[in-house]
Amino acid sequence: MLMLRLLVCFILLSVTVTAQFPDLPDYPKGYFRNPLNVEISLSGNFGELRPNHYHMGLDLKTLRRENLQVFAAADGYVSRIKIEPGGFGRAIYINHPNGITSVYCHLNDFNQSLEKWVKNKQYELESWSLNEEVPAGNFPVKKGEFLAYSGNTGGSQAPHLHFELRRTSDEVNLNPMLFSFPITDNTRPAILRLAIYDRTKSIYEQSPRIVPFAAKATGSYSAAPITVNSPRVSLGITSYDTHTGSTNLNGIYEAVLYDNNNPVVGFRMDAISYDATRYLNAHIDYRTKSNGGAYLQHLSELPGYLHSIYTKFKGDGVLDLSDQQPHEIKIVVKDAYGNSSTAITTIRYNGSPVAYAPPTGKRFYPLMVDVFESDDCEFIIGERTLYDSVTIAHKRSLSSLPTVISAVHTIGATHIPMQDAMAVRIKPISEPEPSQRERVVMQRFAGTKKDVMKVSWQNGWAMAGFREFGSFQLVVDSEPPQILPVGFTDGANLAKSPRISFTVKDNFDKWKVLRTELDGKWIRFTNDKGRYFHYRFDENCGEGDHILKVIAIDEAGNQAEKTFRFSR
């Protein structure tokens, strides 16, 4: 009888407890069609890791070219039109009766009726950029109705269609792969490597120990037993997924960490809002990635990660190894179609912790407001700025540049990410002249990366907000931007040209075009990509002589105006 009881106990201990995520809503299957007339092939999927954000939809390949027809994924009505130089470029939003909105991005021309409405709205508002709600009755659409042509506008790096599904009520993005689009996927995710972090100190004050996984069979990986010097560790992985017939390395859908067959923590890429997309920087090892390393996804929830994608089954993912016994570690990774892979190893604490010299600086914590103060520099860290506790150092130096009117203040390290901006306050070495004061910007620089922000003044201190650490200084910028013609010269005959173009240059590369006029009236220049502005000649520019006027302004408030004469 005793032997039988022991056998039963052994069997029970050997059984892995299955992780139970919250149930997903019953998303409609087959409700939405492929928005293209070519077979779906993904260059990017939902939740994929991108700089400073999760990828919020599907990137559908368009045969490496532009101007494929894009169709409504289901019945509904056009609810919004967005046009911007970066981001989505030209985008259409459609509300559907089932409470979901579909979004189509990086488009070229819209269909004839939408294009006419957009052009009229742009001339009404005298603005090329739009983010306009469209009344529900204006443009009803049927499933499969032609909407627009695919393109490469906005922040797109190559021709494709970016497609999203959102809950209409709160605009939370949903994973389109949960809606049974016609995608063949019999491929298991790959698990490449394991990262081990000492959680007796900050995530940002260490480089993880990297252990490669070896593939044992399809979907099965392992690593040799691991001994660590810390009683508290957390783990991260590099993993990717593909779908059948594709070579693109896409993101994974789900990962769960098990300790001695008990689920500890896991994450799922099923729903993410744009308000929370920057929290990607808490999900990845930001330090490793910013230093040129691979993406590593944490299998633990950092304390400053609000609106988290993690589900805690037993703790936040920080493993207690103080018993100095081997812990059987299992990591199960899945894609949205249920294909799974498993990686296993053992981890044991050797009882010999390593002593570390504490870093120099002031300690800051997530979910707390705190400030650093010196005679001529202050920075304020808000409660939603940091993801983990970290020591932030401050160093003061001087600049030899004549336009710099303050000391140079180096704050923190660029491998420490921020969610919300910190407020930086700097006191100039001497009070600037009134004419200079209104042209002062705060410049942040780190390596080759630079940015400037217009300052506000408070009792002789200049203040601006930044979402990255680095070196900061006050600069007087009195140089206006330059407005330059592209492909023509002043006085040119453009009778045989389909368009006229210009660009803008600025010493700090931060500017905007305030207005474009043709013969004294606002004219629509498109800015679908980068820094170039184009006007395709239409009924607003007939034969004869014409005057084009362009007005641009930089971050410091320096304004430039340029007039070009041409004929047609």
# chains A, B, ... in the order shown; residues from 1 in each chain; ligands from 1
$ select_by_dssp --residues "region 116-198 of chain A" --states "strand (DSSP E)" --output "ChimeraX atom specification"
/A:130-133,140-141,146-150,160-167,173-174,190-198
$ write_last_selection --atoms "C-alpha atoms" --output "mmCIF file, in the first residue's frame"
data_model
loop_
_atom_site.group_PDB
_atom_site.id
_atom_site.type_symbol
_atom_site.label_atom_id
_atom_site.label_comp_id
_atom_site.auth_asym_id
_atom_site.auth_seq_id
_atom_site.Cartn_x
_atom_site.Cartn_y
_atom_site.Cartn_z
ATOM 1 C CA LEU A 130 -6.154 65.014 -42.263
ATOM 2 C CA ASN A 131 -7.601 62.993 -39.411
ATOM 3 C CA GLU A 132 -11.282 63.400 -40.156
ATOM 4 C CA GLU A 133 -14.298 61.465 -38.989
ATOM 5 C CA PRO A 140 -21.447 52.777 -47.029
ATOM 6 C CA VAL A 141 -19.419 49.850 -48.355
ATOM 7 C CA PHE A 146 -12.939 48.552 -54.066
ATOM 8 C CA LEU A 147 -11.506 51.107 -51.631
ATOM 9 C CA ALA A 148 -8.084 52.228 -52.822
ATOM 10 C CA TYR A 149 -4.762 51.201 -54.306
ATOM 11 C CA SER A 150 -1.998 49.766 -52.149
ATOM 12 C CA HIS A 160 2.694 46.502 -48.613
ATOM 13 C CA LEU A 161 -0.739 46.818 -47.045
ATOM 14 C CA HIS A 162 -0.848 47.310 -43.279
ATOM 15 C CA PHE A 163 -4.195 45.936 -42.077
ATOM 16 C CA GLU A 164 -5.676 46.262 -38.584
ATOM 17 C CA LEU A 165 -8.787 45.192 -36.698
ATOM 18 C CA ARG A 166 -9.906 47.222 -33.670
ATOM 19 C CA ARG A 167 -12.755 47.173 -31.212
ATOM 20 C CA ASN A 173 -6.291 46.536 -31.553
ATOM 21 C CA LEU A 174 -7.164 42.853 -31.926
ATOM 22 C CA ALA A 190 11.666 28.547 -33.265
ATOM 23 C CA ILE A 191 13.299 29.150 -29.853
ATOM 24 C CA LEU A 192 16.902 30.251 -30.325
ATOM 25 C CA ARG A 193 18.347 31.330 -26.993
ATOM 26 C CA LEU A 194 17.763 31.852 -23.297
ATOM 27 C CA ALA A 195 18.761 34.972 -21.358
ATOM 28 C CA ILE A 196 19.278 34.844 -17.582
ATOM 29 C CA TYR A 197 19.008 37.988 -15.433
ATOM 30 C CA ASP A 198 20.146 38.556 -11.852
#
$ residues_around --residues "Ser202 (chain A)" --least-positions-apart "3" --cutoff "10 Å" --atoms "only C-alpha atoms" --output "PyMOL selection string"
chain A and resi 197-199+205-206+387-391
$ closest_residue --among "A:Ile183, A:Leu474, A:Val264, A:Pro35" --to "Pro402 (chain A)" --atoms "only C-alpha atoms"
A:Leu474
$ closest_atom_pairs --of "region 10-120 of chain A" --to "region 278-292 of chain A" --cutoff "9 Å" --atoms "only C-alpha atoms" --output "JSON lines"
{"residue": "A:Leu49", "atom": "CA", "partner": "A:Leu280", "partner_atom": "CA", "distance": 7.3}
{"residue": "A:Arg50", "atom": "CA", "partner": "A:Leu280", "partner_atom": "CA", "distance": 8.1}
{"residue": "A:Pro51", "atom": "CA", "partner": "A:Asn281", "partner_atom": "CA", "distance": 8.3}
{"residue": "A:Asn52", "atom": "CA", "partner": "A:Arg278", "partner_atom": "CA", "distance": 5.2}
{"residue": "A:His53", "atom": "CA", "partner": "A:Arg278", "partner_atom": "CA", "distance": 4.7}
{"residue": "A:Tyr54", "atom": "CA", "partner": "A:Leu280", "partner_atom": "CA", "distance": 5.9}
$ write_last_selection --atoms "C-alpha atoms" --output "PDB file, in the first residue's frame"
ATOM      1  CA  LEU A  49       8.626  43.510 -31.994  1.00  0.00           C
ATOM      2  CA  ARG A  50       9.413  46.913 -33.519  1.00  0.00           C
ATOM      3  CA  PRO A  51      11.379  49.951 -32.299  1.00  0.00           C
ATOM      4  CA  ASN A  52       9.411  51.502 -29.416  1.00  0.00           C
ATOM      5  CA  HIS A  53       6.164  49.706 -30.301  1.00  0.00           C
ATOM      6  CA  TYR A  54       4.393  46.447 -30.897  1.00  0.00           C
TER       7      TYR A  54
END
$ residues_around --residues "Leu42 (chain A)" --least-positions-apart "6" --cutoff "8 Å" --atoms "only C-alpha atoms" --output "ChimeraX atom specification"
/A:58-61,246,248
$ closest_residue --among "A:Phe469, A:Arg439, A:Lys454, A:Arg348" --to "Met422 (chain A)" --atoms "only C-alpha atoms"
A:Phe469
$ closest_residue --among "A:Asp545, A:Glu555, A:Asp320, A:Glu84" --to "Val228 (chain A)" --atoms "only C-alpha atoms"
A:Asp320
$ residues_around --residues "Lys362 (chain A)" --least-positions-apart "2" --cutoff "7 Å" --atoms "only C-alpha atoms" --output "list in words"
Phe364, Thr391, Ile392 and Ala393 of chain A
$ write_last_selection --atoms "N, CA and C atoms" --output "compact mmCIF listing (two decimals), in the first residue's frame"
# COMPACT_ATOMS: atom_id res chain seq x y z
N PHE A 364 16.22 55.80 -8.70
CA PHE A 364 14.84 56.14 -9.04
C PHE A 364 14.04 54.85 -9.18
N THR A 391 19.68 53.30 -11.11
CA THR A 391 20.46 54.44 -10.67
C THR A 391 20.75 55.33 -11.86
N ILE A 392 20.43 56.61 -11.72
CA ILE A 392 20.60 57.57 -12.81
C ILE A 392 21.67 58.58 -12.40
N ALA A 393 22.71 58.63 -13.19
CA ALA A 393 23.84 59.52 -12.91
C ALA A 393 23.67 60.85 -13.64
$ atom_distance --atom1 "CA of Thr563 (chain A)" --atom2 "CA of Pro481 (chain A)"
14.2 Å
$ select_by_dssp --residues "region 268-397 of chain A" --states "alpha helix (DSSP H)" --output "list in words"
Leu280, Asn281, Ala282, His283, Tyr286, Arg287, Thr288, Lys289 and Ser290 of chain A
$ write_last_selection --atoms "C-alpha atoms" --output "short mmCIF file (atom, residue, chain, number, x, y, z; two decimals), in the first residue's frame"
data_model
loop_
_atom_site.label_atom_id
_atom_site.label_comp_id
_atom_site.auth_asym_id
_atom_site.auth_seq_id
_atom_site.Cartn_x
_atom_site.Cartn_y
_atom_site.Cartn_z
CA LEU A 280 7.11 47.02 -25.75
CA ASN A 281 10.23 48.56 -24.20
CA ALA A 282 9.30 46.86 -20.90
CA HIS A 283 8.64 43.56 -22.67
CA TYR A 286 15.95 47.18 -24.10
CA ARG A 287 19.59 47.45 -23.07
CA THR A 288 20.67 44.47 -25.18
CA LYS A 289 18.68 45.63 -28.21
CA SER A 290 19.85 49.26 -28.00
#
$ atom_distance --atom1 "CA of Thr448 (chain A)" --atom2 "CA of Ser156 (chain A)"
23.1 Å
$ residues_around --residues "Ile252 (chain A)" --least-positions-apart "6" --cutoff "8 Å" --atoms "only C-alpha atoms" --output "JSON, numbers by chain"
{"A": [47, 48, 189, 239, 240, 241, 269, 333, 334, 335, 336]}
$ write_last_selection --atoms "N, CA and C atoms" --output "compact mmCIF listing (two decimals), in the first residue's frame"
# COMPACT_ATOMS: atom_id res chain seq x y z
N GLY A 47 1.67 41.97 -32.92
CA GLY A 47 2.51 41.84 -31.73
C GLY A 47 3.98 41.71 -32.02
N GLU A 48 4.35 41.74 -33.29
CA GLU A 48 5.77 41.64 -33.65
C GLU A 48 6.55 42.79 -33.00
N PRO A 189 6.95 27.53 -34.07
CA PRO A 189 7.89 28.62 -33.76
C PRO A 189 9.28 28.06 -33.44
N SER A 239 12.85 34.28 -29.87
CA SER A 239 11.99 33.32 -30.55
C SER A 239 11.33 34.00 -31.73
N TYR A 240 11.01 33.24 -32.75
CA TYR A 240 10.31 33.80 -33.90
C TYR A 240 9.38 32.75 -34.49
N ASP A 241 8.49 33.20 -35.36
CA ASP A 241 7.55 32.30 -36.02
C ASP A 241 7.52 32.61 -37.51
N MET A 269 -0.22 37.73 -27.36
CA MET A 269 -0.42 38.88 -28.23
C MET A 269 -1.82 38.80 -28.83
N VAL A 333 6.18 27.84 -26.38
CA VAL A 333 5.90 28.96 -27.28
C VAL A 333 4.89 28.50 -28.33
N LYS A 334 3.90 29.35 -28.62
CA LYS A 334 2.88 29.00 -29.61
C LYS A 334 2.69 30.14 -30.60
N ASP A 335 2.17 29.77 -31.79
CA ASP A 335 1.70 30.79 -32.72
C ASP A 335 0.18 30.85 -32.63
N ALA A 336 -0.42 31.76 -33.39
CA ALA A 336 -1.86 31.97 -33.29
C ALA A 336 -2.68 30.82 -33.84
$ residues_around --residues "Gln473 (chain A)" --least-positions-apart "4" --cutoff "7 Å" --atoms "only C-alpha atoms" --output "list in words"
Val404, Ser406, Ala407, Val408, His409, Met442, Gln443 and Arg444 of chain A
$ atom_distance --atom1 "CA of Leu306 (chain A)" --atom2 "CA of Pro208 (chain A)"
23.5 Å
